[in-house]
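Structure file data-v7.txt (compact mmCIF, C-alpha atoms) follows.
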```
# COMPACT_ATOMS: atom_id res chain seq x y z
CA MET A 4 -22.42 -43.56 -62.06
CA ARG A 5 -20.69 -44.11 -65.38
CA SER A 6 -23.83 -43.28 -67.29
CA VAL A 7 -24.35 -40.09 -65.25
CA GLY A 8 -20.75 -39.03 -65.89
CA PHE A 9 -21.09 -39.76 -69.59
CA TYR A 10 -24.21 -37.65 -69.93
CA ALA A 11 -22.64 -34.83 -67.90
CA ILE A 12 -19.65 -34.76 -70.25
CA LEU A 13 -21.90 -34.97 -73.30
CA THR A 14 -24.02 -32.10 -72.00
CA ALA A 15 -20.92 -29.99 -71.39
CA ILE A 16 -19.66 -30.68 -74.92
CA LEU A 17 -23.00 -29.76 -76.45
CA PHE A 18 -23.26 -26.60 -74.35
CA PHE A 19 -19.74 -25.54 -75.34
CA SER A 20 -20.45 -26.19 -79.01
CA PHE A 21 -23.71 -24.25 -78.84
CA SER A 22 -21.99 -21.34 -77.11
CA GLU A 23 -19.30 -21.25 -79.76
CA LEU A 24 -21.91 -21.41 -82.51
CA LYS A 25 -23.87 -18.51 -81.06
CA LYS A 26 -20.68 -16.52 -80.65
CA SER A 27 -19.74 -17.06 -84.28
CA ASP A 28 -23.20 -15.86 -85.34
CA ASP A 29 -22.77 -12.51 -83.59
CA PRO A 30 -22.02 -9.42 -85.72
CA LYS A 31 -18.34 -8.71 -86.29
CA THR A 32 -16.88 -6.00 -84.07
CA LEU A 33 -15.78 -2.88 -85.93
CA GLU A 34 -12.05 -3.01 -86.71
CA ILE A 35 -9.51 -0.40 -85.63
CA GLY A 36 -9.17 2.23 -88.35
CA ALA A 37 -12.68 1.70 -89.68
CA LYS A 38 -15.02 4.65 -90.17
CA ALA A 39 -17.90 5.06 -87.75
CA PRO A 40 -21.13 3.77 -89.31
CA ASP A 41 -23.80 6.44 -89.41
CA PHE A 42 -27.00 6.05 -87.44
CA LYS A 43 -30.34 7.68 -86.82
CA LEU A 44 -31.65 6.87 -83.37
CA PRO A 45 -34.19 8.33 -80.94
CA GLY A 46 -32.87 9.76 -77.68
CA ILE A 47 -34.73 9.76 -74.39
CA ASP A 48 -34.80 13.57 -74.61
CA GLY A 49 -37.13 13.45 -77.60
CA LYS A 50 -34.41 14.29 -80.13
CA THR A 51 -33.13 12.16 -83.00
CA TYR A 52 -29.37 11.71 -83.19
CA SER A 53 -26.91 10.83 -85.95
CA LEU A 54 -23.15 11.18 -86.44
CA ALA A 55 -23.78 14.71 -87.69
CA SER A 56 -25.18 15.60 -84.25
CA PHE A 57 -21.62 15.36 -82.91
CA SER A 58 -19.79 16.93 -85.86
CA LYS A 59 -18.23 19.68 -83.71
CA ALA A 60 -16.55 17.16 -81.40
CA ASN A 61 -12.87 16.37 -81.95
CA ILE A 62 -13.38 12.94 -80.39
CA LEU A 63 -16.55 10.86 -80.33
CA VAL A 64 -17.02 8.18 -77.69
CA ILE A 65 -19.84 5.67 -78.17
CA VAL A 66 -20.74 3.37 -75.29
CA PHE A 67 -23.10 0.46 -75.85
CA THR A 68 -24.81 -0.05 -72.51
CA CYS A 69 -28.23 -0.76 -71.03
CA ASN A 70 -30.42 -0.63 -67.92
CA HIS A 71 -30.68 -4.18 -66.60
CA CYS A 72 -27.06 -5.39 -66.72
CA PRO A 73 -25.28 -5.25 -63.32
CA THR A 74 -21.94 -4.62 -65.03
CA ALA A 75 -23.43 -1.74 -67.01
CA GLN A 76 -24.84 -0.33 -63.78
CA ALA A 77 -21.43 -0.65 -62.12
CA TYR A 78 -19.96 1.58 -64.83
CA GLU A 79 -22.66 4.26 -64.91
CA ASP A 80 -20.85 6.68 -62.60
CA ARG A 81 -17.59 6.20 -64.49
CA ILE A 82 -19.31 6.96 -67.79
CA ILE A 83 -20.81 10.08 -66.23
CA LYS A 84 -17.34 11.10 -65.00
CA LEU A 85 -15.74 10.48 -68.41
CA THR A 86 -18.35 12.77 -69.93
CA SER A 87 -17.82 15.58 -67.41
CA ASP A 88 -14.00 15.28 -67.44
CA PHE A 89 -13.65 15.61 -71.20
CA LYS A 90 -16.66 17.65 -72.34
CA SER A 91 -14.76 20.95 -72.22
CA LYS A 92 -11.93 19.39 -74.26
CA GLY A 93 -14.00 18.70 -77.34
CA VAL A 94 -14.99 15.13 -76.50
CA ALA A 95 -18.60 14.03 -77.03
CA LEU A 96 -19.92 10.86 -75.39
CA VAL A 97 -23.15 9.12 -76.36
CA ALA A 98 -24.65 5.93 -74.95
CA ILE A 99 -26.65 3.48 -77.05
CA ASN A 100 -28.88 0.73 -75.70
CA PRO A 101 -28.56 -2.11 -78.24
CA ASN A 102 -30.86 -4.59 -76.51
CA ASP A 103 -34.18 -5.93 -77.69
CA PRO A 104 -36.13 -5.63 -74.41
CA GLU A 105 -38.29 -8.64 -75.29
CA SER A 106 -35.16 -10.82 -75.43
CA VAL A 107 -34.16 -10.21 -71.82
CA ARG A 108 -35.04 -13.35 -69.87
CA LEU A 109 -36.76 -13.17 -66.49
CA ASP A 110 -33.71 -14.59 -64.70
CA GLU A 111 -31.60 -11.80 -66.21
CA LEU A 112 -33.69 -9.24 -64.36
CA GLY A 113 -32.63 -10.55 -60.96
CA TYR A 114 -30.21 -7.69 -60.30
CA THR A 115 -32.28 -4.73 -61.40
CA ASP A 116 -35.61 -3.01 -60.97
CA MET A 117 -35.76 -1.96 -64.63
CA GLY A 118 -35.77 -3.62 -68.03
CA ASP A 119 -34.41 -2.24 -71.30
CA THR A 120 -37.49 -0.61 -72.82
CA PHE A 121 -37.34 2.94 -74.11
CA GLU A 122 -39.61 4.19 -71.32
CA GLU A 123 -37.44 2.53 -68.68
CA MET A 124 -34.37 4.14 -70.25
CA LYS A 125 -35.94 7.50 -69.46
CA LEU A 126 -36.46 6.49 -65.85
CA ARG A 127 -32.91 5.18 -65.48
CA SER A 128 -31.41 8.32 -66.96
CA LYS A 129 -33.45 10.55 -64.67
CA HIS A 130 -32.55 8.46 -61.61
CA LYS A 131 -28.81 8.49 -62.35
CA LYS A 132 -28.77 12.02 -63.79
CA TYR A 133 -27.10 11.06 -67.05
CA ASN A 134 -25.12 13.94 -68.58
CA PHE A 135 -24.92 12.35 -72.03
CA PRO A 136 -27.45 11.41 -74.74
CA TYR A 137 -28.98 7.97 -74.24
CA LEU A 138 -30.22 6.42 -77.51
CA TYR A 139 -32.41 3.42 -78.25
CA ASP A 140 -31.41 0.82 -80.86
CA GLY A 141 -33.57 -2.03 -79.60
CA ALA A 142 -36.26 -1.64 -82.26
CA ASP A 143 -34.23 -3.11 -85.13
CA GLN A 144 -30.65 -3.28 -83.76
CA LYS A 145 -29.19 -1.99 -87.04
CA VAL A 146 -26.59 0.14 -85.26
CA ALA A 147 -25.51 -2.69 -82.98
CA ASN A 148 -25.14 -4.92 -86.02
CA ALA A 149 -22.97 -2.30 -87.70
CA TYR A 150 -20.67 -1.69 -84.71
CA GLY A 151 -20.66 -5.22 -83.30
CA PRO A 152 -20.58 -4.69 -79.54
CA VAL A 153 -20.08 -7.95 -77.68
CA VAL A 154 -21.38 -7.02 -74.23
CA THR A 155 -22.73 -4.13 -72.23
CA PRO A 156 -20.78 -2.01 -71.63
CA HIS A 157 -18.56 -1.90 -74.75
CA ILE A 158 -16.86 1.39 -75.62
CA PHE A 159 -15.71 2.74 -79.02
CA VAL A 160 -13.46 5.83 -79.33
CA PHE A 161 -13.30 7.70 -82.66
CA ASP A 162 -10.97 10.52 -83.75
CA LYS A 163 -11.85 13.75 -85.60
CA GLU A 164 -12.16 11.87 -88.90
CA ARG A 165 -14.40 9.38 -87.10
CA LYS A 166 -11.93 6.54 -87.51
CA LEU A 167 -11.98 3.97 -84.74
CA ARG A 168 -8.90 4.32 -82.56
CA TYR A 169 -9.92 2.23 -79.54
CA GLN A 170 -12.55 -0.38 -78.72
CA GLY A 171 -13.04 -2.61 -75.70
CA ARG A 172 -13.49 -2.23 -71.96
CA ILE A 173 -13.71 1.05 -70.09
CA ASP A 174 -11.17 -0.17 -67.54
CA ASP A 175 -10.09 -3.48 -65.99
CA VAL A 176 -12.14 -3.51 -62.78
CA GLU A 177 -15.87 -4.11 -62.64
CA LYS A 178 -16.50 -3.26 -58.98
CA PRO A 179 -16.69 0.52 -58.38
CA THR A 180 -15.18 0.06 -54.91
CA LYS A 181 -11.88 -1.17 -56.34
CA THR A 182 -9.25 0.94 -58.10
CA PRO A 183 -8.60 0.02 -61.75
CA VAL A 184 -5.02 -0.56 -62.88
CA ASN A 185 -5.61 -0.02 -66.60
CA LEU A 186 -7.77 2.96 -67.55
CA ASP A 187 -7.89 1.89 -71.19
CA ALA A 188 -10.67 4.15 -72.50
CA ARG A 189 -9.43 7.20 -70.61
CA ASN A 190 -5.86 6.57 -71.79
CA ALA A 191 -7.07 6.36 -75.39
CA ILE A 192 -8.96 9.65 -75.15
CA GLU A 193 -6.02 11.45 -73.52
CA ALA A 194 -3.63 10.11 -76.17
CA LEU A 195 -5.83 11.41 -78.98
CA LEU A 196 -6.18 14.80 -77.31
CA ALA A 197 -2.37 15.01 -77.17
CA ASN A 198 -2.09 13.91 -80.83
CA ASN A 199 -0.31 10.75 -79.73
CA GLU A 200 -0.77 7.15 -80.74
CA VAL A 201 -3.28 5.25 -78.63
CA PRO A 202 -1.18 2.95 -76.39
CA VAL A 203 -3.64 0.06 -76.33
CA LYS A 204 -6.01 -0.05 -79.29
CA SER A 205 -8.21 -3.01 -78.40
CA THR A 206 -9.05 -5.04 -75.30
CA LYS A 207 -11.32 -7.88 -74.36
CA VAL A 208 -14.64 -6.91 -72.83
CA PHE A 209 -16.74 -8.21 -69.96
CA GLY A 210 -20.34 -7.68 -69.02
CA CYS A 211 -23.77 -8.90 -70.15
CA SER A 212 -24.28 -10.33 -73.62
CA ILE A 213 -26.17 -8.26 -76.16
CA LYS A 214 -29.83 -9.25 -76.18
CA TRP A 215 -30.36 -9.89 -79.86
CA ALA A 216 -33.90 -10.25 -81.19
CA SER A 217 -33.14 -13.87 -82.10
CA LYS A 218 -33.16 -14.65 -78.38
CA LYS A 219 -36.92 -14.34 -78.42
CA LEU A 220 -36.83 -18.01 -79.43
CA HIS A 221 -35.51 -18.80 -75.97
CA LYS A 222 -38.21 -16.83 -74.20
CA GLN A 223 -40.53 -19.82 -74.49
CA GLU A 224 -39.23 -20.81 -71.07
CA ASP A 225 -40.78 -17.64 -69.69
CA ASP A 226 -44.17 -18.91 -70.81
CA TRP A 227 -43.83 -21.67 -68.24
CA ALA A 228 -44.69 -19.07 -65.63
CA LYS A 229 -48.15 -18.86 -67.19
CA GLU A 230 -48.80 -22.59 -66.87
CA ALA A 231 -50.94 -23.92 -64.04
CA VAL A 232 -48.94 -25.68 -61.31
CA ASP A 233 -50.20 -28.99 -59.91
CA LEU A 234 -49.17 -29.15 -56.25
CA LYS A 235 -49.28 -32.41 -54.34
CA THR A 236 -48.56 -32.88 -50.66
CA ILE A 237 -46.07 -35.50 -49.51
CA ASP A 238 -45.42 -37.04 -46.10
CA GLU A 239 -42.25 -38.47 -44.57
CA ALA A 240 -42.90 -41.91 -46.00
CA GLY A 241 -43.40 -40.42 -49.44
CA ILE A 242 -40.10 -38.54 -49.25
CA LYS A 243 -38.25 -41.73 -48.29
CA GLU A 244 -39.83 -43.55 -51.22
CA LEU A 245 -38.90 -40.70 -53.52
CA LEU A 246 -35.28 -40.84 -52.40
CA LYS A 247 -35.06 -44.56 -53.10
CA ASN A 248 -35.69 -43.88 -56.78
CA ASN A 249 -36.72 -47.42 -57.61
CA SER A 250 -36.15 -47.03 -61.32
CA ASP A 251 -33.34 -47.14 -63.88
CA LYS A 252 -33.70 -43.41 -64.61
CA LEU A 253 -31.81 -40.45 -63.20
CA ARG A 254 -34.10 -38.36 -61.02
CA LEU A 255 -33.50 -34.66 -60.47
CA VAL A 256 -35.18 -32.94 -57.52
CA ASN A 257 -35.31 -29.14 -57.29
CA VAL A 258 -35.96 -27.65 -53.87
CA TRP A 259 -37.23 -24.06 -53.78
```
Final structure tokens representation of the file:
Amino acid sequence: MRSVGFYAILTAILFFSFSELKKSDDPKTLEIGAKAPDFKLPGIDGKTYSLASFSKANILVIVFTCNHCPTAQAYEDRIIKLTSDFKSKGVALVAINPNDPESVRLDELGYTDMGDTFEEMKLRSKHKKYNFPYLYDGADQKVANAYGPVVTPHIFVFDKERKLRYQGRIDDVEKPTKTPVNLDARNAIEALLANNEVPVKSTKVFGCSIKWASKKLHKQEDDWAKEAVDLKTIDEAGIKELLKNNSDKLRLVNVW
């Protein structure tokens, strides 16, 4: 038992270290007060968008989101409502999918019927009746690298001069059936419209990690699905013998 406990602790330490390493390798999130990096991205409507496309807007809201993430899906209706509530007040909202679709693992598709490809973005938008431009950055992820979103969804609110005034979560409750206490993004937009200081300028975010192209290295596990499976039958006696584990090695049995 001591050896099992030792290896469990060692595994946890290695996992934690790896997680921290990957986190430190992620692009830096844009700082409050920074100018919005320009972009040139294709929209699902066949148009190409840049910052100039929203030059008439007094406030520009950029939401990094995607199709497959359950948290992103939970916020779709709220993003649609933000757009409709503030459109007549000179606020433009645009959504950007930062994910490399080839870096989404099979197990990450367990809560959705769509991946993050450009064609699937069109289907998702049509299904949910998006009232905002939906842009694709998954080809080279240059925009995501410039803005530094941490998860989907991650919202950035810019003023008339396109200086970042708020970045973080949309609100503090993931489940649509519950009422949020802190409407951080909405509060930021309303403060800017009233020429007031944004009360909370930055918050932590929650959702699905950005699917960077580097994660293709980890998709080797998906290739296991292509391997031939050797199935062997086992009787009661065989199961009892298996459970005895007459060896000095730790045996792990997965039951599907």
Query - Test item: residues at most 10 Å from A:Val203, all atoms listed in the file, excluding those fewer than 3 positions along its chain, as JSON, numbers by chain - result: {"A": [168, 169, 170, 171, 185, 187, 188, 190, 191, 200, 206]}
**Report entry** Close residues, A:Pro101 itself excluded, 9 Å, all atoms listed in the file, min 4 positions apart in chain, as a PyMOL selection string
**Finding:** chain A and resi 67-69+138-148+152+155+213-215
Could you dump the residues just selected with C-alpha atoms as a PDB file, keeping the file's coordinate frame?
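Saved the output as again_17.pdb:
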```
ATOM      1  CA  PHE A  67     -23.100   0.460 -75.850  1.00  0.00           C
ATOM      2  CA  THR A  68     -24.810  -0.050 -72.510  1.00  0.00           C
ATOM      3  CA  CYS A  69     -28.230  -0.760 -71.030  1.00  0.00           C
ATOM      4  CA  LEU A 138     -30.220   6.420 -77.510  1.00  0.00           C
ATOM      5  CA  TYR A 139     -32.410   3.420 -78.250  1.00  0.00           C
ATOM      6  CA  ASP A 140     -31.410   0.820 -80.860  1.00  0.00           C
ATOM      7  CA  GLY A 141     -33.570  -2.030 -79.600  1.00  0.00           C
ATOM      8  CA  ALA A 142     -36.260  -1.640 -82.260  1.00  0.00           C
ATOM      9  CA  ASP A 143     -34.230  -3.110 -85.130  1.00  0.00           C
ATOM     10  CA  GLN A 144     -30.650  -3.280 -83.760  1.00  0.00           C
ATOM     11  CA  LYS A 145     -29.190  -1.990 -87.040  1.00  0.00           C
ATOM     12  CA  VAL A 146     -26.590   0.140 -85.260  1.00  0.00           C
ATOM     13  CA  ALA A 147     -25.510  -2.690 -82.980  1.00  0.00           C
ATOM     14  CA  ASN A 148     -25.140  -4.920 -86.020  1.00  0.00           C
ATOM     15  CA  PRO A 152     -20.580  -4.690 -79.540  1.00  0.00           C
ATOM     16  CA  THR A 155     -22.730  -4.130 -72.230  1.00  0.00           C
ATOM     17  CA  ILE A 213     -26.170  -8.260 -76.160  1.00  0.00           C
ATOM     18  CA  LYS A 214     -29.830  -9.250 -76.180  1.00  0.00           C
ATOM     19  CA  TRP A 215     -30.360  -9.890 -79.860  1.00  0.00           C
TER      20      TRP A 215
END
```
Query raised in the report: From the set A:Val201, A:Ala60, A:Ile192, A:Ile47, which residue has the shortest atom-to-atom contact distance to A:Tyr133, counting only C-alpha atoms?
Result: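 So, comparing all the options, the nearest one is A:Ile47.
Among the candidates A:Pro73, A:Val154, A:Glu164, A:Gly93, the residue lying nearest to A:Pro30 is A:Val154 (atoms considered: all atoms listed in the file).
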Using all atoms listed in the file, which residues of stretch 169-258 of chain A come within 9 Å of stretch 81-86 of chain A, and what is the closest atom pair for each, with the distance in Å to one decimal? Give it as a tab-separated table, sorted by chain and residue number.
```
residue	atom	partner	partner_atom	distance
A:Ile173	CA	A:Ile82	CA	8.5
A:Pro179	CA	A:Arg81	CA	8.4
A:Arg189	CA	A:Leu85	CA	7.4
```
Save the residues we just selected, C-alpha atoms, as a CSV table (one decimal), in the coordinates of the input?
```csv
chain,number,residue,atom,x,y,z
A,173,ILE,CA,-13.7,1.0,-70.1
A,179,PRO,CA,-16.7,0.5,-58.4
A,189,ARG,CA,-9.4,7.2,-70.6
```
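Atom CA of A:Cys211 is found 21.8 Å from atom CA of A:Val184.
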Test item: residues at most 9 Å from stretch 112-129 of chain A, only C-alpha atoms, excluding those fewer than 5 positions along its chain, as a PDB file with C-alpha atoms, in the frame of the given file:
```pdb
ATOM      1  CA  GLY A  46     -32.870   9.760 -77.680  1.00  0.00           C
ATOM      2  CA  ILE A  47     -34.730   9.760 -74.390  1.00  0.00           C
ATOM      3  CA  ASP A  48     -34.800  13.570 -74.610  1.00  0.00           C
ATOM      4  CA  CYS A  69     -28.230  -0.760 -71.030  1.00  0.00           C
ATOM      5  CA  ASN A  70     -30.420  -0.630 -67.920  1.00  0.00           C
ATOM      6  CA  HIS A  71     -30.680  -4.180 -66.600  1.00  0.00           C
ATOM      7  CA  CYS A  72     -27.060  -5.390 -66.720  1.00  0.00           C
ATOM      8  CA  PRO A  73     -25.280  -5.250 -63.320  1.00  0.00           C
ATOM      9  CA  GLN A  76     -24.840  -0.330 -63.780  1.00  0.00           C
ATOM     10  CA  ASN A 100     -28.880   0.730 -75.700  1.00  0.00           C
ATOM     11  CA  ASN A 102     -30.860  -4.590 -76.510  1.00  0.00           C
ATOM     12  CA  ASP A 103     -34.180  -5.930 -77.690  1.00  0.00           C
ATOM     13  CA  PRO A 104     -36.130  -5.630 -74.410  1.00  0.00           C
ATOM     14  CA  GLU A 105     -38.290  -8.640 -75.290  1.00  0.00           C
ATOM     15  CA  VAL A 107     -34.160 -10.210 -71.820  1.00  0.00           C
ATOM     16  CA  ASN A 134     -25.120  13.940 -68.580  1.00  0.00           C
ATOM     17  CA  TYR A 137     -28.980   7.970 -74.240  1.00  0.00           C
ATOM     18  CA  LEU A 138     -30.220   6.420 -77.510  1.00  0.00           C
ATOM     19  CA  TYR A 139     -32.410   3.420 -78.250  1.00  0.00           C
ATOM     20  CA  GLY A 141     -33.570  -2.030 -79.600  1.00  0.00           C
TER      21      GLY A 141
END
```
Query - Counting only C-alpha atoms, the residue of A:Pro136, A:Gly210, A:Gly241, A:Pro183 that sits nearest A:Val153 - result: A:Gly210
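Note that atom CA of A:Leu255 and atom CA of A:Glu230 are 20.5 Å apart.
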Requested in this report: Could you check how far atom CA of A:Phe57 sits from atom CA of A:Leu96, in Å to one decimal?
Outcome: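 Computed distance, atom CA of A:Phe57 to atom CA of A:Leu96, equals 8.9 Å.
Across A:Glu244, A:Asp174, A:Asp29, A:Arg254, the tightest approach to A:Leu186 is made by A:Asp174 when counting only C-alpha atoms.
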Query - Among the residues A:Ala55, A:Ala240, A:Ala77, A:Ala95, the one that comes closest to A:Val176 [using only C-alpha atoms] - result: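 The closest residue to A:Val176 is A:Ala77.
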